[in-house]
$ cat my_file17.cif   # mmCIF, C-alpha atoms
data_final
loop_
_atom_site.label_atom_id
_atom_site.label_comp_id
_atom_site.auth_asym_id
_atom_site.auth_seq_id
_atom_site.Cartn_x
_atom_site.Cartn_y
_atom_site.Cartn_z
CA MET G 1355 239.95 346.89 253.41
CA SER G 1356 237.35 344.12 253.14
CA SER G 1357 233.71 344.74 253.88
CA PRO G 1358 232.62 344.05 257.46
CA SER G 1359 229.83 341.82 256.16
CA ALA G 1360 232.14 339.65 254.09
CA PRO G 1361 232.83 336.35 255.79
CA SER G 1362 236.36 335.55 256.65
CA SER G 1363 237.86 332.63 254.85
CA LEU G 1364 238.58 329.58 256.90
CA PRO G 1365 242.13 328.29 256.56
CA GLY G 1366 242.26 324.80 255.08
CA GLY G 1367 244.10 323.41 258.06
CA SER G 1368 242.22 325.22 260.84
CA ALA G 1369 241.84 323.31 264.07
CA ARG G 1370 238.07 323.79 264.08
CA ALA G 1371 237.63 322.32 260.59
CA TRP G 1372 239.74 319.27 261.45
CA ARG G 1373 237.95 318.82 264.77
CA ASP G 1374 234.51 318.94 263.13
CA ALA G 1375 235.69 316.55 260.42
CA LEU G 1376 237.05 314.11 263.00
CA VAL G 1377 233.75 314.14 264.89
CA ALA G 1378 231.81 313.48 261.67
CA VAL G 1379 234.08 310.62 260.60
CA VAL G 1380 234.20 308.92 264.00
CA ALA G 1381 230.44 309.24 264.45
CA GLY G 1382 229.75 308.00 260.92
CA PHE G 1383 231.92 304.89 261.25
CA ALA G 1384 230.68 304.20 264.80
CA VAL G 1385 227.05 304.27 263.66
CA MET G 1386 227.79 302.05 260.65
CA ALA G 1387 229.67 299.57 262.83
CA ALA G 1388 226.85 299.48 265.39
CA VAL G 1389 224.15 298.90 262.76
CA ALA G 1390 226.26 296.27 260.98
CA ALA G 1391 227.04 294.47 264.23
CA ALA G 1392 223.37 294.44 265.27
CA GLY G 1393 222.27 293.13 261.87
CA LEU G 1394 224.94 290.43 261.76
CA ALA G 1395 224.14 289.41 265.33
CA CYS G 1396 220.49 288.94 264.34
CA ALA G 1397 221.70 286.85 261.40
CA GLY G 1398 223.70 284.58 263.75
CA ALA G 1399 227.19 285.77 262.79
CA THR G 1400 228.29 285.89 266.42
CA ASP G 1401 228.69 282.11 266.25
CA LEU G 1402 231.34 282.28 263.52
CA PRO G 1403 234.54 280.41 264.49
CA GLY G 1404 237.90 281.93 265.18
CA GLY G 1405 236.61 285.19 266.60
CA ALA G 1406 235.70 286.31 263.10
CA PHE G 1407 232.71 288.46 264.06
CA PRO G 1408 234.60 291.80 264.30
CA ARG G 1409 236.22 291.13 260.94
CA VAL G 1410 232.88 290.39 259.31
CA VAL G 1411 231.52 293.62 260.79
CA ALA G 1412 234.51 295.46 259.30
CA ALA G 1413 233.82 293.88 255.90
CA VAL G 1414 230.19 295.02 256.00
CA VAL G 1415 231.27 298.55 256.94
CA VAL G 1416 233.74 298.58 254.04
CA LEU G 1417 230.99 297.51 251.64
CA ALA G 1418 228.60 300.07 253.11
CA ALA G 1419 231.14 302.87 252.61
CA GLY G 1420 231.48 302.03 248.93
CA GLY G 1421 234.48 299.74 249.29
CA SER G 1422 235.25 296.45 247.59
CA VAL G 1423 235.46 293.08 249.34
CA GLU G 1424 236.78 290.08 247.42
CA VAL G 1425 235.48 286.61 248.27
CA THR G 1426 238.10 283.88 247.94
CA GLY G 1427 237.79 280.12 247.77
CA ALA G 1428 240.23 277.22 247.83
CA ALA G 1429 240.10 273.45 247.96
CA GLY G 1430 243.70 272.33 247.58
CA PHE G 1431 244.64 270.43 244.44
CA LEU G 1432 241.52 268.22 244.54
CA ALA G 1433 238.92 270.82 243.68
CA ASP G 1434 238.44 274.37 242.60
CA ALA G 1435 236.36 276.69 244.78
CA HIS G 1436 235.18 279.97 243.28
CA ALA G 1437 233.12 282.69 244.90
CA SER G 1438 232.08 286.28 244.30
CA LEU G 1439 229.96 288.83 246.13
CA SER G 1440 228.70 292.19 244.95
CA VAL G 1441 226.14 293.73 247.29
CA LEU G 1442 225.75 296.99 249.17
CA PRO G 1443 224.20 296.82 252.69
CA LEU G 1444 222.24 300.03 252.28
CA SER G 1445 220.85 300.12 255.85
CA VAL G 1446 224.42 300.50 257.08
CA SER G 1447 225.24 302.98 254.30
CA LEU G 1448 222.18 305.11 255.03
CA ALA G 1449 222.91 305.25 258.77
CA GLY G 1450 226.47 306.41 258.14
CA ALA G 1451 225.42 308.88 255.45
CA LEU G 1452 222.75 310.53 257.60
CA THR G 1453 225.17 310.84 260.53
CA ALA G 1454 228.19 312.14 258.61
CA GLY G 1455 226.08 314.39 256.37
CA ALA G 1456 224.27 316.04 259.28
CA LEU G 1457 227.53 316.69 261.14
CA PHE G 1458 229.16 318.07 257.99
CA LEU G 1459 226.30 320.56 257.47
CA ARG G 1460 225.96 321.61 261.12
CA PRO G 1461 228.84 324.15 261.18
CA LEU G 1462 227.74 325.63 257.83
CA HIS G 1463 224.26 326.74 258.86
CA ASN G 1464 225.16 330.38 259.38
CA ARG G 1465 224.76 332.21 256.06
CA ALA G 1466 223.46 331.82 252.52
CA VAL G 1467 226.60 332.52 250.51
CA THR G 1468 230.14 331.28 250.95
CA ARG G 1469 233.37 331.08 249.02
CA PRO G 1470 234.54 327.90 247.29
CA GLY G 1471 237.65 327.91 249.46
CA GLU G 1472 235.56 327.81 252.62
CA LEU G 1473 233.63 324.76 251.47
CA ALA G 1474 236.90 323.09 250.49
CA ALA G 1475 238.32 323.90 253.93
CA ARG G 1476 235.45 321.94 255.46
CA ALA G 1477 235.29 319.13 252.91
CA VAL G 1478 238.99 318.29 252.46
CA PRO G 1479 239.71 317.31 256.12
CA LEU G 1480 236.55 315.22 256.24
CA VAL G 1481 237.42 313.40 253.00
CA LEU G 1482 241.01 312.72 254.10
CA LEU G 1483 240.00 311.44 257.53
CA TRP G 1484 237.21 309.36 256.00
CA LEU G 1485 239.65 307.63 253.65
CA LEU G 1486 242.08 307.08 256.54
CA ALA G 1487 239.37 305.43 258.63
CA LEU G 1488 238.27 303.37 255.63
CA THR G 1489 241.85 302.17 255.14
CA GLY G 1490 242.09 300.99 258.73
CA THR G 1491 238.75 299.21 258.48
CA ALA G 1492 239.84 297.55 255.22
CA PHE G 1493 242.94 296.06 256.86
CA LEU G 1494 240.71 294.50 259.51
CA ALA G 1495 238.26 293.08 256.95
CA ARG G 1496 239.87 289.73 256.10
CA GLN G 1497 239.15 286.17 257.25
CA THR G 1498 239.13 282.57 255.99
CA PHE G 1499 236.64 279.84 256.96
CA GLY G 1500 236.57 276.10 256.40
CA ILE G 1501 233.35 274.77 254.89
CA SER G 1502 231.73 271.38 254.99
CA ALA G 1503 231.03 269.57 251.74
CA GLY G 1504 228.65 267.14 253.43
CA ASP G 1505 228.91 263.48 252.44
CA SER G 1506 230.26 264.21 248.97
CA LEU G 1507 233.34 262.72 247.35
CA VAL G 1508 235.15 266.04 247.87
CA ALA G 1509 234.57 265.77 251.62
CA ASP G 1510 235.90 262.20 251.74
CA LEU G 1511 239.02 263.00 249.72
CA GLY G 1512 239.57 266.27 251.55
CA GLU G 1513 239.48 264.52 254.92
CA LEU G 1514 241.83 261.83 253.64
CA LEU G 1515 244.41 264.27 252.24
CA ASP G 1516 243.80 267.14 254.67
CA SER G 1517 242.62 269.46 251.89
CA ALA G 1518 239.18 270.69 252.97
CA PRO G 1519 237.46 273.48 250.97
CA THR G 1520 237.71 276.98 252.39
CA VAL G 1521 236.09 280.30 251.67
CA GLY G 1522 237.17 283.73 252.87
CA PHE G 1523 237.06 287.42 252.19
CA ARG G 1524 239.39 290.38 252.14
CA ALA G 1525 239.02 294.04 251.30
CA VAL G 1526 240.66 295.17 248.06
CA LEU G 1527 242.40 298.37 249.17
CA PRO G 1528 242.86 300.26 245.85
CA ALA G 1529 239.25 299.71 244.76
CA THR G 1530 238.03 300.45 248.29
CA LEU G 1531 239.79 303.82 248.41
CA PHE G 1532 238.66 304.77 244.89
CA PHE G 1533 234.99 303.93 245.37
CA GLY G 1534 235.10 305.16 248.96
CA LEU G 1535 236.29 308.53 247.66
CA LEU G 1536 233.37 308.64 245.22
CA TRP G 1537 231.01 307.65 248.05
CA ILE G 1538 232.04 310.43 250.43
CA LEU G 1539 232.20 313.08 247.69
CA GLY G 1540 228.73 312.05 246.53
CA LEU G 1541 227.45 312.28 250.10
CA LEU G 1542 228.81 315.80 250.57
CA LEU G 1543 227.35 316.91 247.23
CA ILE G 1544 223.90 315.53 248.08
CA ALA G 1545 224.05 317.11 251.53
CA LEU G 1546 224.71 320.52 249.99
CA LEU G 1547 221.99 320.01 247.37
CA ILE G 1548 219.17 319.15 249.77
CA SER G 1549 219.91 321.54 252.64
CA ARG G 1550 218.06 324.84 252.45
CA ARG G 1551 220.36 326.52 254.99
CA ALA G 1552 223.76 325.33 253.74
CA PRO G 1553 225.68 328.12 251.97
CA LEU G 1554 226.64 327.97 248.31
CA PRO G 1555 229.24 329.87 246.29
CA ALA G 1556 227.77 333.06 244.81
CA ARG G 1557 227.89 331.69 241.26
CA LEU G 1558 225.71 328.72 242.23
CA VAL G 1559 223.06 330.57 244.24
CA ARG G 1560 220.99 331.18 241.09
CA PHE G 1561 220.49 327.41 240.75
CA HIS G 1562 219.05 327.20 244.27
CA ALA G 1563 215.38 327.39 243.21
CA ALA G 1564 215.82 324.84 240.42
CA VAL G 1565 217.82 322.19 242.23
CA ARG G 1566 217.33 322.20 245.97
CA PRO G 1567 213.51 321.81 246.30
CA ALA G 1568 213.39 318.89 243.84
CA ALA G 1569 216.48 317.28 245.38
CA PHE G 1570 215.04 317.61 248.89
CA ALA G 1571 211.67 316.18 247.83
CA THR G 1572 213.34 313.24 246.11
CA VAL G 1573 215.46 312.40 249.15
CA ALA G 1574 212.36 312.75 251.35
CA LEU G 1575 210.57 310.28 249.04
CA LEU G 1576 213.38 307.75 249.40
CA LEU G 1577 213.42 308.13 253.18
CA ALA G 1578 209.63 307.80 253.31
CA TYR G 1579 209.92 304.44 251.58
CA VAL G 1580 212.50 303.35 254.16
CA VAL G 1581 210.22 304.40 257.04
CA ILE G 1582 207.27 302.53 255.52
CA GLY G 1583 209.49 299.50 254.96
CA LEU G 1584 210.59 299.67 258.58
CA GLY G 1585 206.97 299.65 259.73
CA VAL G 1586 206.14 296.69 257.50
CA GLY G 1587 209.25 294.85 258.70
CA VAL G 1588 208.36 295.31 262.37
CA VAL G 1589 204.82 294.07 261.75
CA VAL G 1590 206.18 291.03 259.90
CA ALA G 1591 208.64 290.31 262.73
CA VAL G 1592 205.87 290.45 265.33
CA THR G 1593 203.19 288.53 263.43
CA GLN G 1594 205.02 286.09 261.13
CA GLY G 1595 207.75 284.76 263.41
CA HIS G 1596 211.48 284.49 262.61
CA ALA G 1597 211.98 287.92 264.18
CA ASP G 1598 215.77 287.57 264.23
CA ARG G 1599 215.89 286.94 260.48
CA THR G 1600 213.54 289.84 259.76
CA PHE G 1601 215.52 292.27 261.90
CA ALA G 1602 218.71 291.13 260.17
CA VAL G 1603 217.18 292.18 256.85
CA ILE G 1604 216.00 295.48 258.35
CA LEU G 1605 219.40 296.33 259.81
CA LEU G 1606 221.41 295.30 256.77
CA GLY G 1607 219.29 295.68 253.64
CA LEU G 1608 216.04 297.55 254.30
CA PRO G 1609 216.65 300.33 251.71
CA ASN G 1610 217.63 297.67 249.16
CA LEU G 1611 214.10 296.25 249.36
CA ALA G 1612 212.29 299.56 249.94
CA TRP G 1613 213.82 301.26 246.91
CA LEU G 1614 213.31 298.13 244.83
CA ALA G 1615 209.61 298.48 245.74
CA LEU G 1616 209.70 302.11 244.58
CA THR G 1617 211.00 301.19 241.12
CA LEU G 1618 208.45 298.37 240.83
CA GLY G 1619 205.65 300.73 241.85
CA LEU G 1620 206.68 303.05 239.03
CA GLY G 1621 206.25 300.18 236.56
CA GLY G 1622 209.92 299.24 236.45
CA ALA G 1623 211.36 295.75 236.14
CA TRP G 1624 214.35 293.71 237.31
CA GLU G 1625 215.89 290.45 236.13
CA GLY G 1626 217.45 287.83 238.32
CA ARG G 1627 217.58 284.29 239.62
CA VAL G 1628 218.14 282.31 242.80
CA GLU G 1629 219.78 278.88 242.47
CA GLY G 1630 220.95 276.39 245.05
CA LEU G 1631 220.59 276.30 248.81
CA PHE G 1632 222.20 279.66 249.43
CA GLY G 1633 220.64 283.04 248.87
CA LEU G 1634 220.64 286.54 250.19
CA PRO G 1635 217.91 287.38 252.72
CA MET G 1636 214.83 288.52 250.84
CA PRO G 1637 211.06 288.33 251.19
CA GLN G 1638 209.57 284.93 250.39
CA LEU G 1639 207.47 286.45 247.60
CA LEU G 1640 210.56 287.75 245.80
CA ASP G 1641 212.37 284.44 246.32
CA LYS G 1642 209.48 282.55 244.68
CA VAL G 1643 209.62 284.72 241.57
CA LEU G 1644 213.41 284.47 241.27
CA ARG G 1645 213.84 280.81 242.18
CA GLY G 1646 214.84 278.75 239.14
CA PRO G 1647 217.68 278.01 236.72
CA ASP G 1648 216.74 280.73 234.21
CA LEU G 1649 216.51 284.50 234.50
CA SER G 1650 213.13 285.67 235.78
CA THR G 1651 211.58 289.11 235.36
CA VAL G 1652 210.48 290.83 238.55
CA GLU G 1653 207.70 293.37 238.05
CA VAL G 1654 204.40 294.13 239.73
CA GLY G 1655 202.58 291.71 237.44
CA SER G 1656 204.87 288.75 238.19
CA LEU G 1657 204.69 289.47 241.93
CA ALA G 1658 200.89 289.78 241.75
CA GLN G 1659 200.68 286.29 240.27
CA GLN G 1660 202.03 285.05 243.59
CA ASP G 1661 200.25 287.60 245.80
CA SER G 1662 197.65 290.10 244.54
CA ARG G 1663 198.65 292.57 247.29
CA ALA G 1664 201.66 293.48 245.14
CA TRP G 1665 199.39 295.93 243.26
CA TRP G 1666 199.51 298.13 246.36
CA LEU G 1667 203.05 299.06 245.28
CA VAL G 1668 201.55 301.15 242.46
CA ALA G 1669 199.09 302.92 244.76
CA VAL G 1670 201.77 303.70 247.35
CA ALA G 1671 204.09 305.06 244.64
CA ALA G 1672 201.34 307.32 243.24
CA VAL G 1673 200.45 308.79 246.64
CA LEU G 1674 204.03 309.34 247.80
CA LEU G 1675 205.09 310.81 244.46
CA LEU G 1676 202.23 313.29 244.57
CA GLY G 1677 203.35 314.23 248.07
CA ALA G 1678 206.91 314.71 246.81
CA GLY G 1679 205.64 316.96 244.02
CA PHE G 1680 203.67 319.05 246.50
CA LEU G 1681 206.65 319.29 248.86
CA ALA G 1682 208.97 320.41 246.07
CA ALA G 1683 206.49 323.08 244.97
CA VAL G 1684 205.94 324.39 248.52
CA ARG G 1685 209.68 324.75 249.07
CA SER G 1686 210.14 326.61 245.76
CA PRO G 1687 209.72 330.34 245.18
CA ALA G 1688 206.26 331.27 243.90
CA HIS G 1689 207.55 332.48 240.54
CA VAL G 1690 208.55 328.93 239.47
CA ARG G 1691 205.99 327.72 236.94
CA ALA G 1692 204.24 324.34 236.89
CA TRP G 1693 206.14 323.07 233.84
CA GLN G 1694 209.41 323.98 235.55
CA HIS G 1695 208.39 321.97 238.62
CA ALA G 1696 207.62 319.05 236.31
CA LEU G 1697 211.05 319.29 234.66
CA HIS G 1698 212.94 319.66 237.93
CA LEU G 1699 211.25 316.76 239.73
CA GLY G 1700 211.31 314.53 236.66
CA VAL G 1701 215.06 314.93 236.25
CA ALA G 1702 215.67 314.55 240.01
CA LEU G 1703 213.63 311.34 240.24
CA ALA G 1704 215.28 309.92 237.11
CA LEU G 1705 218.75 310.54 238.54
CA ALA G 1706 217.72 309.10 241.90
CA THR G 1707 216.30 306.00 240.21
CA LEU G 1708 219.50 305.55 238.21
CA THR G 1709 221.50 305.72 241.44
CA VAL G 1710 219.13 303.36 243.25
CA CYS G 1711 219.33 300.81 240.43
CA LEU G 1712 223.13 300.86 240.48
CA LEU G 1713 223.29 300.59 244.27
CA THR G 1714 220.56 297.98 244.74
CA ALA G 1715 221.70 295.45 242.12
CA PHE G 1716 223.51 292.50 243.67
CA GLU G 1717 225.19 289.23 242.77
CA ALA G 1718 226.47 286.38 244.93
CA ARG G 1719 228.00 283.14 243.64
CA PHE G 1720 229.74 280.13 245.11
CA GLY G 1721 230.80 276.98 243.34
CA LEU G 1722 232.95 273.93 244.00
CA SER G 1723 234.14 271.72 241.15
CA LEU G 1724 235.86 268.35 241.59
CA LEU G 1725 239.16 268.14 239.69
CA GLY G 1726 237.83 270.87 237.39
CA ILE G 1727 235.27 268.57 235.70
CA GLY G 1728 232.00 269.32 237.46
CA ASN G 1729 230.21 271.20 240.22
CA VAL G 1730 229.29 269.76 243.57
CA GLY G 1731 225.55 270.34 243.51
CA MET G 1732 224.98 270.98 247.19
CA LEU G 1733 227.56 273.76 247.28
CA ASP G 1734 226.85 275.37 243.91
CA ALA G 1735 224.72 278.47 244.36
CA LYS G 1736 223.95 281.70 242.56
CA THR G 1737 221.84 284.72 243.48
CA GLU G 1738 221.60 287.80 241.29
CA LEU G 1739 219.28 290.72 240.64
CA ARG G 1740 219.89 293.50 238.13
CA PRO G 1741 217.67 296.30 236.81
CA GLU G 1742 216.24 296.95 233.38
CA LEU G 1743 217.94 300.30 233.58
CA TRP G 1744 216.42 302.31 230.74
CA ARG G 1745 212.90 301.20 231.52
CA ASN G 1746 213.23 302.12 235.19
CA VAL G 1747 214.88 305.49 234.57
CA GLY G 1748 212.50 306.42 231.73
CA LEU G 1749 209.41 305.67 233.79
CA ALA G 1750 210.84 307.61 236.73
CA LEU G 1751 211.30 310.63 234.46
CA VAL G 1752 207.66 310.45 233.33
CA TRP G 1753 206.25 309.85 236.81
CA GLY G 1754 208.40 312.59 238.32
CA ALA G 1755 207.33 315.11 235.69
CA LEU G 1756 203.64 314.28 236.23
CA ALA G 1757 204.00 314.46 240.02
CA GLY G 1758 205.87 317.76 239.78
CA PHE G 1759 203.16 319.31 237.60
CA LEU G 1760 200.26 318.11 239.77
CA GLY G 1761 202.12 319.07 242.93
CA ALA G 1762 202.58 322.60 241.60
CA LEU G 1763 198.84 322.89 240.96
CA LEU G 1764 198.03 321.66 244.48
CA ALA G 1765 200.53 324.09 246.02
CA ARG G 1766 199.06 327.22 244.40
CA PRO G 1767 196.77 328.10 247.36
CA VAL G 1768 199.67 327.70 249.81
CA HIS G 1769 201.56 330.82 250.84
CA ARG G 1770 205.16 330.53 249.69
CA ARG G 1771 208.28 332.60 249.55
CA GLY G 1772 208.07 335.12 246.73
CA LEU G 1773 204.37 335.93 247.11
CA VAL G 1774 204.96 339.66 247.37
CA GLU G 1775 203.84 342.52 245.25
CA LYS G 1776 206.30 344.09 242.89
CA PRO G 1777 207.69 347.37 244.24
CA PRO G 1778 206.45 350.51 242.46
CA GLU G 1779 208.67 351.77 239.69
CA THR G 1780 210.96 354.61 240.73
CA ILE G 1781 210.19 357.90 238.95
CA ALA G 1782 213.26 359.35 237.42
CA ARG G 1783 214.10 362.76 238.68
#
$ encode --input "my_file17.cif" --output "structure tokens"
Amino acid sequence: MSSPSAPSSLPGGSARAWRDALVAVVAGFAVMAAVAAAGLACAGATDLPGGAFPRVVAAVVVLAAGGSVEVTGAAGFLADAHASLSVLPLSVSLAGALTAGALFLRPLHNRAVTRPGELAARAVPLVLLWLLALTGTAFLARQTFGISAGDSLVADLGELLDSAPTVGFRAVLPATLFFGLLWILGLLLIALLISRRAPLPARLVRFHAAVRPAAFATVALLLAYVVIGLGVGVVVAVTQGHADRTFAVILLGLPNLAWLALTLGLGGAWEGRVEGLFGLPMPQLLDKVLRGPDLSTVEVGSLAQQDSRAWWLVAVAAVLLLGAGFLAAVRSPAHVRAWQHALHLGVALALATLTVCLLTAFEARFGLSLLGIGNVGMLDAKTELRPELWRNVGLALVWGALAGFLGALLARPVHRRGLVEKPPETIAR
């Protein structure tokens, strides 16, 4: 007979597990759709022809959930239109992740230890329903638009022969399901890593003190940057004008810019360029550094040449990192030594920076060539930004280790779990 204290295993297909998973999936997609719709409305997408707004919202949700959207172009037999887009709207992603992650953890906050089968019984329905919802959204995410080539030769010939250039988009289902699966599995893993109350299998409990405090502090650091970015964005919207454009950036790409600022504050660097009339929404300072035909390096120094206030990125990073080190130390048992805090936070921040660099990089291109022999200048555009990966990750490792060590020293006077005297040794009878 099993022990009364042993938890009963949840069947994989239990009604409660599927109900909780359905709530998490519906809420996650509803929040992502609402944030995407609000951001696109601020960007003026409600004026798109052919009732395309819901389909554009669906495309943004697909991108936010890790999916793949292919941009297509055509111009009949007169010209060749080519386009590509690789960008993740992290404001939408973050909203969906916080919602789905919180609802996934809510039923698990009842004990410290669980069995692997019980976690699987909760995770599998959520993953399956998530992929089903992503599939439905992907089928909705497709549309084609006609574009104007101005007064160019392409426009004249296109009007004459009824062959105007077009551009469109459609979700690529196999890639969407593959990367969407990685996205939701990564979310569930991070949720279990940062939650102090979520149960773990008995074999993994011993890693609790090493992983969870540093993981929680790192996620708190990333969210702190988003909150600060939100405050700055609201101030800019109120004082600088163009409030609709600013709120579009906030609702679609705020973490993209906030976490870029984190890597720059650590001394990291990015390479990129902005060519042509088109470009992704970004601060004017960043656009000035990137604008030009050649690759430009974005770092604190290059930004400070345009605006000396860019040096504040270093000060903000130092203060928030020290706070993250202190938070990780306070949430750790007292027996964890300072060098262990340094190792844990250094590795956590390096992994987070690697993830941020991969998620924040973007590229957008559109070109139109006449009879395959040249580009139409007005419609040829390119925007890209990619990280200097090893530099960013290496500096994050060093900064995280230093912050973890100093945070451990600052946390010594604070009462923490584990500050108890050792019990007296039992005298053998």
$ atom_distance --input "my_file17.cif" --atom1 "CA of His1463 in chain G" --atom2 "CA of Gly1450 in chain G"
20.5 Å
$ resolve_selection --input "my_file17.cif" --expression "the PyMOL selection byres ((chain G and resi 1703-1719) around 9)" --output "PyMOL selection string"
chain G and resi 1436-1444+1568-1569+1572-1573+1576+1609-1611+1613-1614+1616-1617+1624+1632-1634+1698-1702+1720-1721+1734-1744+1746-1755
$ closest_residue --input "my_file17.cif" --among "G:Trp1484, G:Phe1383, G:Phe1601, G:Trp1666" --to "Leu1536 in chain G" --atoms "only C-alpha atoms"
G:Trp1484
$ residues_around --input "my_file17.cif" --residues "range 1652-1655 of chain G" --least-positions-apart "4" --cutoff "9 Å" --atoms "only C-alpha atoms" --output "ChimeraX atom specification"
/G:1618-1619,1621-1626,1640,1643-1644,1659,1662,1664-1665,1667-1668
$ resolve_selection --input "my_file17.cif" --expression "the PyMOL selection byres ((chain G and resi 1571) around 12)" --output "ChimeraX atom specification"
/G:1547-1550,1565-1570,1572-1578,1674-1686,1695,1698-1700,1702-1703,1706,1754,1757-1758,1761
$ closest_residue --input "my_file17.cif" --among "G:Val1768, G:Val1581, G:Leu1605, G:Leu1485" --to "Met1386 in chain G" --atoms "only C-alpha atoms"
G:Leu1605
